[in-house]
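Undergrad: For reference, this is target29.pdb, and it has PDB, C-alpha atoms.
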ATOM      1  CA  ALA A   1       8.193 -36.168   4.391
ATOM      2  CA  ALA A   2      10.933 -33.724   3.488
ATOM      3  CA  GLN A   3      10.910 -32.154   6.964
ATOM      4  CA  THR A   4      11.229 -35.570   8.601
ATOM      5  CA  LEU A   5      14.105 -36.462   6.281
ATOM      6  CA  LYS A   6      15.858 -33.140   6.919
ATOM      7  CA  THR A   7      15.548 -33.604  10.681
ATOM      8  CA  ALA A   8      16.868 -37.152  10.406
ATOM      9  CA  VAL A   9      19.838 -36.009   8.320
ATOM     10  CA  ASP A  10      20.591 -33.111  10.691
ATOM     11  CA  ASP A  11      20.447 -35.419  13.718
ATOM     12  CA  PHE A  12      22.373 -38.269  12.148
ATOM     13  CA  GLU A  13      26.152 -38.065  12.143
ATOM     14  CA  PHE A  14      27.605 -40.089   9.291
ATOM     15  CA  SER A  15      30.751 -40.401   7.309
ATOM     16  CA  THR A  16      30.635 -39.641   3.641
ATOM     17  CA  GLU A  17      32.185 -42.998   2.845
ATOM     18  CA  GLN A  18      29.292 -44.801   4.556
ATOM     19  CA  LEU A  19      26.759 -42.785   2.562
ATOM     20  CA  LEU A  20      28.363 -43.250  -0.874
ATOM     21  CA  PRO A  21      26.856 -46.697  -1.655
ATOM     22  CA  TYR A  22      23.383 -45.175  -1.222
ATOM     23  CA  ILE A  23      23.983 -41.766  -2.753
ATOM     24  CA  GLU A  24      22.641 -42.577  -6.218
ATOM     25  CA  SER A  25      19.295 -43.870  -4.969
ATOM     26  CA  LEU A  26      19.068 -41.178  -2.263
ATOM     27  CA  PHE A  27      19.722 -38.404  -4.720
ATOM     28  CA  SER A  28      17.417 -39.898  -7.336
ATOM     29  CA  LEU A  29      14.530 -40.234  -4.876
ATOM     30  CA  LEU A  30      15.010 -36.743  -3.459
ATOM     31  CA  PHE A  31      15.122 -35.283  -6.949
ATOM     32  CA  GLN A  32      11.953 -37.176  -7.901
ATOM     33  CA  LEU A  33      10.258 -35.838  -4.771
ATOM     34  CA  LEU A  34      11.379 -32.313  -5.642
ATOM     35  CA  LYS A  35       9.785 -32.569  -9.083
ATOM     36  CA  GLU A  36       6.537 -34.115  -7.836
ATOM     37  CA  VAL A  37       5.638 -31.905  -4.884
ATOM     38  CA  ARG A  38       3.579 -28.795  -5.552
ATOM     39  CA  GLU A  39       3.834 -26.889  -2.276
ATOM     40  CA  CYS A  40       6.547 -24.246  -2.275
ATOM     41  CA  ASP A  41       7.408 -24.955   1.363
ATOM     42  CA  THR A  42       7.923 -28.653   0.678
ATOM     43  CA  LYS A  43      10.115 -27.879  -2.336
ATOM     44  CA  MET A  44      12.233 -25.653  -0.086
ATOM     45  CA  HIS A  45      12.675 -28.438   2.462
ATOM     46  CA  VAL A  46      13.641 -30.971  -0.201
ATOM     47  CA  LEU A  47      16.135 -28.484  -1.679
ATOM     48  CA  HIS A  48      17.644 -27.955   1.769
ATOM     49  CA  VAL A  49      18.118 -31.705   2.198
ATOM     50  CA  LEU A  50      19.626 -31.967  -1.301
ATOM     51  CA  SER A  51      21.966 -29.079  -0.465
ATOM     52  CA  PHE A  52      22.983 -30.771   2.757
ATOM     53  CA  VAL A  53      23.773 -34.013   0.918
ATOM     54  CA  ILE A  54      25.718 -32.144  -1.785
ATOM     55  CA  GLU A  55      27.656 -30.276   0.897
ATOM     56  CA  ARG A  56      28.515 -33.490   2.760
ATOM     57  CA  VAL A  57      29.491 -35.507  -0.304
ATOM     58  CA  GLY A  58      31.330 -32.696  -2.111
ATOM     59  CA  SER A  59      32.839 -33.490  -5.495
ATOM     60  CA  LYS A  60      31.762 -37.140  -5.280
ATOM     61  CA  ILE A  61      28.211 -35.992  -6.048
ATOM     62  CA  ARG A  62      29.081 -34.999  -9.652
ATOM     63  CA  PRO A  63      27.894 -38.226 -11.345
ATOM     64  CA  TYR A  64      24.427 -37.890  -9.800
ATOM     65  CA  ILE A  65      23.492 -34.244 -10.211
ATOM     66  CA  ALA A  66      23.057 -33.746 -13.953
ATOM     67  CA  SER A  67      19.268 -33.967 -13.690
ATOM     68  CA  LEU A  68      19.183 -31.459 -10.820
ATOM     69  CA  VAL A  69      21.436 -29.062 -12.719
ATOM     70  CA  GLN A  70      19.027 -29.239 -15.676
ATOM     71  CA  TYR A  71      15.944 -28.810 -13.457
ATOM     72  CA  LEU A  72      17.049 -25.847 -11.335
ATOM     73  CA  PRO A  73      16.722 -23.211 -14.119
ATOM     74  CA  LEU A  74      13.130 -24.346 -14.722
ATOM     75  CA  LEU A  75      12.383 -24.263 -10.995
ATOM     76  CA  TRP A  76      13.958 -20.784 -10.804
ATOM     77  CA  LYS A  77      11.675 -19.556 -13.569
ATOM     78  CA  GLU A  78       8.585 -21.153 -11.991
ATOM     79  CA  SER A  79       9.413 -19.625  -8.596
ATOM     80  CA  GLU A  80       9.494 -16.042  -9.818
ATOM     81  CA  ASP A  81       6.919 -15.023  -7.192
ATOM     82  CA  HIS A  82       8.411 -17.185  -4.412
ATOM     83  CA  ASN A  83      11.572 -15.515  -3.180
ATOM     84  CA  MET A  84      12.093 -17.945  -0.305
ATOM     85  CA  LEU A  85      12.168 -20.837  -2.761
ATOM     86  CA  ARG A  86      14.646 -18.876  -4.836
ATOM     87  CA  CYS A  87      16.794 -18.488  -1.706
ATOM     88  CA  ALA A  88      16.781 -22.278  -1.354
ATOM     89  CA  ILE A  89      17.795 -22.591  -5.014
ATOM     90  CA  LEU A  90      20.676 -20.157  -4.468
ATOM     91  CA  THR A  91      21.823 -22.189  -1.469
ATOM     92  CA  SER A  92      21.748 -25.353  -3.583
ATOM     93  CA  LEU A  93      23.779 -23.572  -6.247
ATOM     94  CA  ILE A  94      26.379 -22.543  -3.670
ATOM     95  CA  HIS A  95      26.919 -26.194  -2.761
ATOM     96  CA  LEU A  96      26.894 -27.273  -6.414
ATOM     97  CA  VAL A  97      29.597 -24.734  -7.271
ATOM     98  CA  GLN A  98      31.679 -25.947  -4.341
ATOM     99  CA  GLY A  99      31.185 -29.555  -5.472
ATOM    100  CA  TYR A 100      32.071 -28.787  -9.092
ATOM    101  CA  SER A 101      35.020 -26.588  -8.109
ATOM    102  CA  SER A 102      36.799 -25.175 -11.189
ATOM    103  CA  GLU A 103      34.440 -27.135 -13.450
ATOM    104  CA  SER A 104      31.569 -24.997 -12.162
ATOM    105  CA  THR A 105      31.972 -22.860 -15.279
ATOM    106  CA  GLN A 106      29.583 -25.409 -16.840
ATOM    107  CA  LEU A 107      26.890 -23.910 -14.599
ATOM    108  CA  TRP A 108      27.614 -20.251 -15.358
ATOM    109  CA  GLN A 109      24.910 -19.943 -18.006
ATOM    110  CA  PHE A 110      22.351 -20.254 -15.198
ATOM    111  CA  ILE A 111      24.357 -19.108 -12.187
ATOM    112  CA  LEU A 112      25.559 -15.732 -13.443
ATOM    113  CA  PRO A 113      22.063 -14.447 -14.360
ATOM    114  CA  ALA A 114      20.781 -15.713 -10.986
ATOM    115  CA  ILE A 115      23.547 -13.768  -9.237
ATOM    116  CA  ALA A 116      22.760 -10.699 -11.365
ATOM    117  CA  ILE A 117      19.073 -10.728 -10.395
ATOM    118  CA  SER A 118      19.874 -11.432  -6.740
ATOM    119  CA  THR A 119      22.302  -8.542  -6.428
ATOM    120  CA  ASP A 120      20.640  -5.934  -8.642
ATOM    121  CA  THR A 121      19.400  -3.277  -6.224
ATOM    122  CA  THR A 122      16.986  -1.941  -8.866
ATOM    123  CA  GLN A 123      15.080  -5.255  -8.783
ATOM    124  CA  GLU A 124      12.641  -5.822  -5.919
ATOM    125  CA  PRO A 125      13.705  -9.451  -5.239
ATOM    126  CA  HIS A 126      17.202  -8.331  -4.217
ATOM    127  CA  VAL A 127      15.804  -7.586  -0.751
ATOM    128  CA  TYR A 128      15.207 -11.319  -0.241
ATOM    129  CA  LEU A 129      17.945 -12.781  -2.427
ATOM    130  CA  MET A 130      20.940 -10.515  -1.870
ATOM    131  CA  GLU A 131      22.625 -12.377   0.979
ATOM    132  CA  ASP A 132      22.510 -15.761  -0.768
ATOM    133  CA  GLY A 133      23.268 -14.137  -4.119
ATOM    134  CA  LEU A 134      26.412 -12.540  -2.717
ATOM    135  CA  GLU A 135      27.524 -15.832  -1.193
ATOM    136  CA  LEU A 136      26.977 -17.570  -4.547
ATOM    137  CA  TRP A 137      28.897 -14.794  -6.311
ATOM    138  CA  TYR A 138      31.778 -15.217  -3.868
ATOM    139  CA  VAL A 139      32.024 -19.027  -4.191
ATOM    140  CA  THR A 140      31.699 -18.714  -7.971
ATOM    141  CA  LEU A 141      34.710 -16.391  -8.042
ATOM    142  CA  ILE A 142      36.681 -18.568  -5.608
ATOM    143  CA  ASN A 143      36.143 -21.549  -7.930
ATOM    144  CA  ALA A 144      36.580 -19.675 -11.220
ATOM    145  CA  PRO A 145      39.666 -20.813 -13.127
ATOM    146  CA  VAL A 146      39.950 -17.529 -15.062
ATOM    147  CA  MET A 147      38.341 -14.128 -15.396
ATOM    148  CA  SER A 148      35.652 -13.974 -18.061
ATOM    149  CA  PRO A 149      33.742 -11.132 -19.741
ATOM    150  CA  GLU A 150      30.558 -12.417 -18.059
ATOM    151  CA  LEU A 151      32.149 -12.174 -14.609
ATOM    152  CA  LEU A 152      33.420  -8.687 -15.385
ATOM    153  CA  LYS A 153      29.960  -7.589 -16.510
ATOM    154  CA  LEU A 154      28.454  -8.919 -13.285
ATOM    155  CA  PHE A 155      30.655  -6.510 -11.313
ATOM    156  CA  GLY A 156      28.434  -3.694 -12.573
ATOM    157  CA  ASN A 157      26.092  -4.520  -9.681
ATOM    158  CA  MET A 158      28.777  -3.897  -7.062
ATOM    159  CA  PRO A 159      28.806  -0.059  -6.778
ATOM    160  CA  ALA A 160      25.141   0.041  -5.720
ATOM    161  CA  LEU A 161      25.743  -2.786  -3.238
ATOM    162  CA  LEU A 162      28.641  -0.892  -1.682
ATOM    163  CA  GLU A 163      26.423   2.173  -1.293
ATOM    164  CA  LEU A 164      24.041   0.139   0.859
ATOM    165  CA  GLY A 165      26.805  -0.258   3.462
ATOM    166  CA  THR A 166      24.937  -3.095   5.142
ATOM    167  CA  GLU A 167      26.061  -6.219   6.938
ATOM    168  CA  ASN A 168      26.927  -7.573   3.485
ATOM    169  CA  LEU A 169      29.811  -5.141   3.101
ATOM    170  CA  ARG A 170      32.363  -7.755   4.240
ATOM    171  CA  VAL A 171      31.236 -10.218   1.526
ATOM    172  CA  CYS A 172      31.303  -7.406  -1.046
ATOM    173  CA  LEU A 173      34.902  -6.633  -0.127
ATOM    174  CA  LYS A 174      35.809 -10.331  -0.430
ATOM    175  CA  ILE A 175      34.219 -10.358  -3.886
ATOM    176  CA  ILE A 176      36.278  -7.320  -4.911
ATOM    177  CA  GLN A 177      39.407  -9.041  -3.608
ATOM    178  CA  CYS A 178      38.580 -12.110  -5.714
ATOM    179  CA  TYR A 179      38.238  -9.942  -8.820
ATOM    180  CA  VAL A 180      41.635  -8.374  -8.200
ATOM    181  CA  LEU A 181      43.296 -11.746  -7.599
ATOM    182  CA  LEU A 182      41.534 -13.574 -10.417
ATOM    183  CA  GLY A 183      42.102 -11.077 -13.193
ATOM    184  CA  ALA A 184      43.844  -7.943 -12.010
ATOM    185  CA  ARG A 185      44.602  -6.538 -15.471
ATOM    186  CA  GLU A 186      41.129  -7.129 -16.942
ATOM    187  CA  PHE A 187      39.422  -5.936 -13.791
ATOM    188  CA  MET A 188      41.468  -2.750 -13.424
ATOM    189  CA  GLN A 189      40.991  -1.894 -17.108
ATOM    190  CA  ALA A 190      37.231  -2.342 -16.864
ATOM    191  CA  TYR A 191      36.668  -0.769 -13.454
TER     192      TYR A 191
END
Before anything else, please render the file you have as structure tokens.
TA:
Amino acid sequence: AAQTLKTAVDDFEFSTEQLLPYIESLFSLLFQLLKEVRECDTKMHVLHVLSFVIERVGSKIRPYIASLVQYLPLLWKESEDHNMLRCAILTSLIHLVQGYSSESTQLWQFILPAIAISTDTTQEPHVYLMEDGLELWYVTLINAPVMSPELLKLFGNMPALLELGTENLRVCLKIIQCYVLLGAREFMQAY
């Protein structure tokens, strides 16, 4: 069902304004489906559709996502052995942060540890999660209103990431730039 819905959404061009009258029921039903399905693959597809909807609707999704925001940490914990599902969760978080904008600090209690795990090269899951984790880290910084001690602490993962010198180097440099622009004094004193 989720695959059919995702295909339909991908193939169907629509304006956000036309979708808004249905967004509450759409989001509610997708969230209910996400909670009820047991197969990891199906959960991933439903999360991708939810992410797509969040991306399309942007900040207008805020009134409808409280239940998803509360559920994602539980799903993250349950998916400890399913890195592809965790990638889908990270993608959903990217779109949530973009939708919440500077108010995304409300999500930091869950987001910052997820970024830390995803970008910690001493943890095995980083192999699967690093690309999405870096993207989440970047959008979190872009939308951060101020530098915080938690954000500064997260930068401790960066030296090992820079040593990898992979295709993610460009995103790493953008993250460093964000740190300098967001809180130059705090950042330079700490690092």
Undergrad: Could you expand the PyMOL selection byres ((chain A and resi 96-104) around 12) into the explicit residues it covers here, written as a PDB file with C-alpha atoms, in the coordinates of the input?
TA:
ATOM      1  CA  LEU A  47      16.135 -28.484  -1.679  1.00  0.00           C
ATOM      2  CA  LEU A  50      19.626 -31.967  -1.301  1.00  0.00           C
ATOM      3  CA  SER A  51      21.966 -29.079  -0.465  1.00  0.00           C
ATOM      4  CA  PHE A  52      22.983 -30.771   2.757  1.00  0.00           C
ATOM      5  CA  VAL A  53      23.773 -34.013   0.918  1.00  0.00           C
ATOM      6  CA  ILE A  54      25.718 -32.144  -1.785  1.00  0.00           C
ATOM      7  CA  GLU A  55      27.656 -30.276   0.897  1.00  0.00           C
ATOM      8  CA  ARG A  56      28.515 -33.490   2.760  1.00  0.00           C
ATOM      9  CA  VAL A  57      29.491 -35.507  -0.304  1.00  0.00           C
ATOM     10  CA  GLY A  58      31.330 -32.696  -2.111  1.00  0.00           C
ATOM     11  CA  SER A  59      32.839 -33.490  -5.495  1.00  0.00           C
ATOM     12  CA  LYS A  60      31.762 -37.140  -5.280  1.00  0.00           C
ATOM     13  CA  ILE A  61      28.211 -35.992  -6.048  1.00  0.00           C
ATOM     14  CA  ARG A  62      29.081 -34.999  -9.652  1.00  0.00           C
ATOM     15  CA  PRO A  63      27.894 -38.226 -11.345  1.00  0.00           C
ATOM     16  CA  TYR A  64      24.427 -37.890  -9.800  1.00  0.00           C
ATOM     17  CA  ILE A  65      23.492 -34.244 -10.211  1.00  0.00           C
ATOM     18  CA  ALA A  66      23.057 -33.746 -13.953  1.00  0.00           C
ATOM     19  CA  LEU A  68      19.183 -31.459 -10.820  1.00  0.00           C
ATOM     20  CA  VAL A  69      21.436 -29.062 -12.719  1.00  0.00           C
ATOM     21  CA  LEU A  72      17.049 -25.847 -11.335  1.00  0.00           C
ATOM     22  CA  ILE A  89      17.795 -22.591  -5.014  1.00  0.00           C
ATOM     23  CA  LEU A  90      20.676 -20.157  -4.468  1.00  0.00           C
ATOM     24  CA  THR A  91      21.823 -22.189  -1.469  1.00  0.00           C
ATOM     25  CA  SER A  92      21.748 -25.353  -3.583  1.00  0.00           C
ATOM     26  CA  LEU A  93      23.779 -23.572  -6.247  1.00  0.00           C
ATOM     27  CA  ILE A  94      26.379 -22.543  -3.670  1.00  0.00           C
ATOM     28  CA  HIS A  95      26.919 -26.194  -2.761  1.00  0.00           C
ATOM     29  CA  THR A 105      31.972 -22.860 -15.279  1.00  0.00           C
ATOM     30  CA  GLN A 106      29.583 -25.409 -16.840  1.00  0.00           C
ATOM     31  CA  LEU A 107      26.890 -23.910 -14.599  1.00  0.00           C
ATOM     32  CA  TRP A 108      27.614 -20.251 -15.358  1.00  0.00           C
ATOM     33  CA  GLN A 109      24.910 -19.943 -18.006  1.00  0.00           C
ATOM     34  CA  PHE A 110      22.351 -20.254 -15.198  1.00  0.00           C
ATOM     35  CA  ILE A 111      24.357 -19.108 -12.187  1.00  0.00           C
ATOM     36  CA  LEU A 112      25.559 -15.732 -13.443  1.00  0.00           C
ATOM     37  CA  GLU A 135      27.524 -15.832  -1.193  1.00  0.00           C
ATOM     38  CA  LEU A 136      26.977 -17.570  -4.547  1.00  0.00           C
ATOM     39  CA  TRP A 137      28.897 -14.794  -6.311  1.00  0.00           C
ATOM     40  CA  TYR A 138      31.778 -15.217  -3.868  1.00  0.00           C
ATOM     41  CA  VAL A 139      32.024 -19.027  -4.191  1.00  0.00           C
ATOM     42  CA  THR A 140      31.699 -18.714  -7.971  1.00  0.00           C
ATOM     43  CA  LEU A 141      34.710 -16.391  -8.042  1.00  0.00           C
ATOM     44  CA  ILE A 142      36.681 -18.568  -5.608  1.00  0.00           C
ATOM     45  CA  ASN A 143      36.143 -21.549  -7.930  1.00  0.00           C
ATOM     46  CA  ALA A 144      36.580 -19.675 -11.220  1.00  0.00           C
ATOM     47  CA  PRO A 145      39.666 -20.813 -13.127  1.00  0.00           C
ATOM     48  CA  VAL A 146      39.950 -17.529 -15.062  1.00  0.00           C
ATOM     49  CA  MET A 147      38.341 -14.128 -15.396  1.00  0.00           C
TER      50      MET A 147
END
Undergrad: What lies within 9 Å of Asn157 of chain A using only C-alpha atoms, ignoring chain neighbours under 2 positions off, as a PyMOL selection string?
TA: chain A and resi 116+119-121+153-155+159-161
Undergrad: When the PyMOL selection byres ((chain A and resi 129) around 10) is applied to the structure above, which residues does it catch, written out as a list in words?
TA: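 Checked against the file, the PyMOL selection byres ((chain A and resi 129) around 10) matches Asn83, Met84, Leu85, Arg86, Cys87, Ala88, Leu90, Ala114, Ile115, Ile117, Ser118, Thr119, Asp120, Glu124, Pro125, His126, Val127, Tyr128, Met130, Glu131, Asp132, Gly133 and Leu134 of chain A.
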Undergrad: Find the residue from A:Cys178, A:Leu75, A:Cys172, A:Leu26 that sits nearest to Cys40 of chain A; use only C-alpha atoms when measuring.
TA: A:Leu75
Undergrad: Between atom CA of His48 of chain A and atom CA of Gly165 of chain A, what is the spacing in Å?
TA: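 Distance between the two atoms: 29.2 Å.
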Undergrad: Taking all atoms of segment 93-112 of chain A that the file lists and extending 5 Å past them on each side, where is the centre of the axis-aligned box and how long are its edges? Answer in Å to one decimal, as AutoDock Vina command-line options.
TA:
--center_x 29.6 --center_y -22.6 --center_z -10.4 --size_x 24.4 --size_y 23.8 --size_z 25.2
Undergrad: Between A:Leu19, A:Glu24, A:Tyr191, A:Arg38, which residue has the minimum interatomic distance to Glu78 of chain A, considering only C-alpha atoms?
TA: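 Going through A:Leu19, A:Glu24, A:Tyr191, A:Arg38 one by one, the smallest distance to Glu78 of chain A is for A:Arg38.
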Undergrad: Record the distance separating atom CA of Asn168 of chain A and atom CA of Pro113 of chain A, expressed in Å with one decimal.
TA: 19.7 Å
Undergrad: List, as a list in words, every residue that the PyMOL selection byres ((chain A and resi 33) around 10) selects in the file provided.
TA: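 Answer for the PyMOL selection byres ((chain A and resi 33) around 10): Ala1, Ala2, Phe27, Ser28, Leu29, Leu30, Phe31, Gln32, Leu34, Lys35, Glu36, Val37, Arg38, Thr42, Lys43, Val46 and Leu47 of chain A.
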Undergrad: Hey, which of A:Met158, A:Glu150, A:Val171, A:Glu163 ends up closest to Glu186 of chain A? Count all atoms listed in the file.
TA: A:Glu150
Undergrad: What is the distance between atom CA of His82 of chain A and atom CA of Gly156 of chain A, in Å to one decimal?
TA: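 For atom CA of His82 of chain A relative to atom CA of Gly156 of chain A, the distance reads 25.5 Å.
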Undergrad: Missing atoms in segment 124-135 of chain A: can you complete it with all heavy atoms, as an mmCIF file, keeping the file's coordinate frame?
TA:
data_model
loop_
_atom_site.group_PDB
_atom_site.id
_atom_site.type_symbol
_atom_site.label_atom_id
_atom_site.label_comp_id
_atom_site.auth_asym_id
_atom_site.auth_seq_id
_atom_site.Cartn_x
_atom_site.Cartn_y
_atom_site.Cartn_z
ATOM 1 N N GLU A 124 13.240 -5.603 -7.234
ATOM 2 C CA GLU A 124 12.641 -5.822 -5.919
ATOM 3 C C GLU A 124 13.115 -7.099 -5.219
ATOM 4 O O GLU A 124 13.354 -7.080 -4.012
ATOM 5 C CB GLU A 124 11.116 -5.840 -6.047
ATOM 6 C CG GLU A 124 10.410 -5.883 -4.712
ATOM 7 C CD GLU A 124 8.913 -5.818 -4.864
ATOM 8 O OE1 GLU A 124 8.429 -5.096 -5.746
ATOM 9 O OE2 GLU A 124 8.240 -6.505 -4.081
ATOM 10 N N PRO A 125 13.300 -8.218 -5.935
ATOM 11 C CA PRO A 125 13.705 -9.451 -5.239
ATOM 12 C C PRO A 125 15.051 -9.380 -4.528
ATOM 13 O O PRO A 125 15.331 -10.201 -3.667
ATOM 14 C CB PRO A 125 13.756 -10.496 -6.357
ATOM 15 C CG PRO A 125 12.908 -9.961 -7.437
ATOM 16 C CD PRO A 125 13.007 -8.461 -7.340
ATOM 17 N N HIS A 126 15.876 -8.396 -4.851
ATOM 18 C CA HIS A 126 17.202 -8.331 -4.217
ATOM 19 C C HIS A 126 17.090 -8.255 -2.694
ATOM 20 O O HIS A 126 17.978 -8.729 -1.987
ATOM 21 C CB HIS A 126 18.018 -7.158 -4.765
ATOM 22 C CG HIS A 126 17.856 -5.884 -3.996
ATOM 23 N ND1 HIS A 126 16.823 -5.000 -4.226
ATOM 24 C CD2 HIS A 126 18.581 -5.362 -2.979
ATOM 25 C CE1 HIS A 126 16.925 -3.984 -3.396
ATOM 26 N NE2 HIS A 126 17.982 -4.165 -2.629
ATOM 27 N N VAL A 127 15.998 -7.699 -2.196
ATOM 28 C CA VAL A 127 15.804 -7.586 -0.751
ATOM 29 C C VAL A 127 15.839 -8.969 -0.098
ATOM 30 O O VAL A 127 16.388 -9.148 0.988
ATOM 31 C CB VAL A 127 14.470 -6.874 -0.439
ATOM 32 C CG1 VAL A 127 14.172 -6.878 1.049
ATOM 33 C CG2 VAL A 127 14.477 -5.462 -0.991
ATOM 34 N N TYR A 128 15.279 -9.961 -0.772
ATOM 35 C CA TYR A 128 15.207 -11.319 -0.241
ATOM 36 C C TYR A 128 16.393 -12.184 -0.659
ATOM 37 O O TYR A 128 16.776 -13.102 0.051
ATOM 38 C CB TYR A 128 13.921 -12.006 -0.721
ATOM 39 C CG TYR A 128 12.692 -11.204 -0.427
ATOM 40 C CD1 TYR A 128 12.108 -10.405 -1.404
ATOM 41 C CD2 TYR A 128 12.127 -11.200 0.847
ATOM 42 C CE1 TYR A 128 10.978 -9.655 -1.129
ATOM 43 C CE2 TYR A 128 11.006 -10.453 1.130
ATOM 44 C CZ TYR A 128 10.430 -9.679 0.141
ATOM 45 O OH TYR A 128 9.320 -8.926 0.412
ATOM 46 N N LEU A 129 16.954 -11.885 -1.817
ATOM 47 C CA LEU A 129 17.945 -12.781 -2.427
ATOM 48 C C LEU A 129 19.387 -12.321 -2.266
ATOM 49 O O LEU A 129 20.314 -13.089 -2.536
ATOM 50 C CB LEU A 129 17.634 -12.936 -3.920
ATOM 51 C CG LEU A 129 16.228 -13.378 -4.298
ATOM 52 C CD1 LEU A 129 16.065 -13.395 -5.816
ATOM 53 C CD2 LEU A 129 15.911 -14.736 -3.709
ATOM 54 N N MET A 130 19.600 -11.099 -1.840
ATOM 55 C CA MET A 130 20.940 -10.515 -1.870
ATOM 56 C C MET A 130 21.968 -11.309 -1.066
ATOM 57 O O MET A 130 23.060 -11.579 -1.555
ATOM 58 C CB MET A 130 20.914 -9.070 -1.397
ATOM 59 C CG MET A 130 22.266 -8.394 -1.503
ATOM 60 S SD MET A 130 22.249 -6.620 -1.242
ATOM 61 C CE MET A 130 21.463 -6.466 0.337
ATOM 62 N N GLU A 131 21.640 -11.689 0.135
ATOM 63 C CA GLU A 131 22.625 -12.377 0.979
ATOM 64 C C GLU A 131 23.088 -13.688 0.333
ATOM 65 O O GLU A 131 24.289 -13.943 0.221
ATOM 66 C CB GLU A 131 22.039 -12.648 2.363
ATOM 67 C CG GLU A 131 23.041 -13.232 3.328
ATOM 68 C CD GLU A 131 22.472 -13.379 4.734
ATOM 69 O OE1 GLU A 131 21.496 -12.691 5.080
ATOM 70 O OE2 GLU A 131 23.033 -14.193 5.484
ATOM 71 N N ASP A 132 22.147 -14.504 -0.115
ATOM 72 C CA ASP A 132 22.510 -15.761 -0.768
ATOM 73 C C ASP A 132 23.149 -15.513 -2.127
ATOM 74 O O ASP A 132 24.064 -16.230 -2.529
ATOM 75 C CB ASP A 132 21.279 -16.664 -0.916
ATOM 76 C CG ASP A 132 20.742 -17.123 0.423
ATOM 77 O OD1 ASP A 132 21.544 -17.539 1.281
ATOM 78 O OD2 ASP A 132 19.513 -17.068 0.621
ATOM 79 N N GLY A 133 22.679 -14.482 -2.824
ATOM 80 C CA GLY A 133 23.268 -14.137 -4.119
ATOM 81 C C GLY A 133 24.721 -13.716 -3.990
ATOM 82 O O GLY A 133 25.569 -14.088 -4.801
ATOM 83 N N LEU A 134 25.024 -12.950 -2.950
ATOM 84 C CA LEU A 134 26.412 -12.540 -2.717
ATOM 85 C C LEU A 134 27.291 -13.734 -2.364
ATOM 86 O O LEU A 134 28.429 -13.839 -2.832
ATOM 87 C CB LEU A 134 26.479 -11.485 -1.606
ATOM 88 C CG LEU A 134 26.024 -10.086 -1.988
ATOM 89 C CD1 LEU A 134 25.891 -9.205 -0.751
ATOM 90 C CD2 LEU A 134 26.950 -9.456 -3.012
ATOM 91 N N GLU A 135 26.760 -14.626 -1.555
ATOM 92 C CA GLU A 135 27.524 -15.832 -1.193
ATOM 93 C C GLU A 135 27.789 -16.685 -2.423
ATOM 94 O O GLU A 135 28.895 -17.201 -2.605
ATOM 95 C CB GLU A 135 26.769 -16.634 -0.127
ATOM 96 C CG GLU A 135 27.532 -17.818 0.387
ATOM 97 C CD GLU A 135 28.793 -17.445 1.159
ATOM 98 O OE1 GLU A 135 28.864 -16.345 1.732
ATOM 99 O OE2 GLU A 135 29.731 -18.271 1.178
#
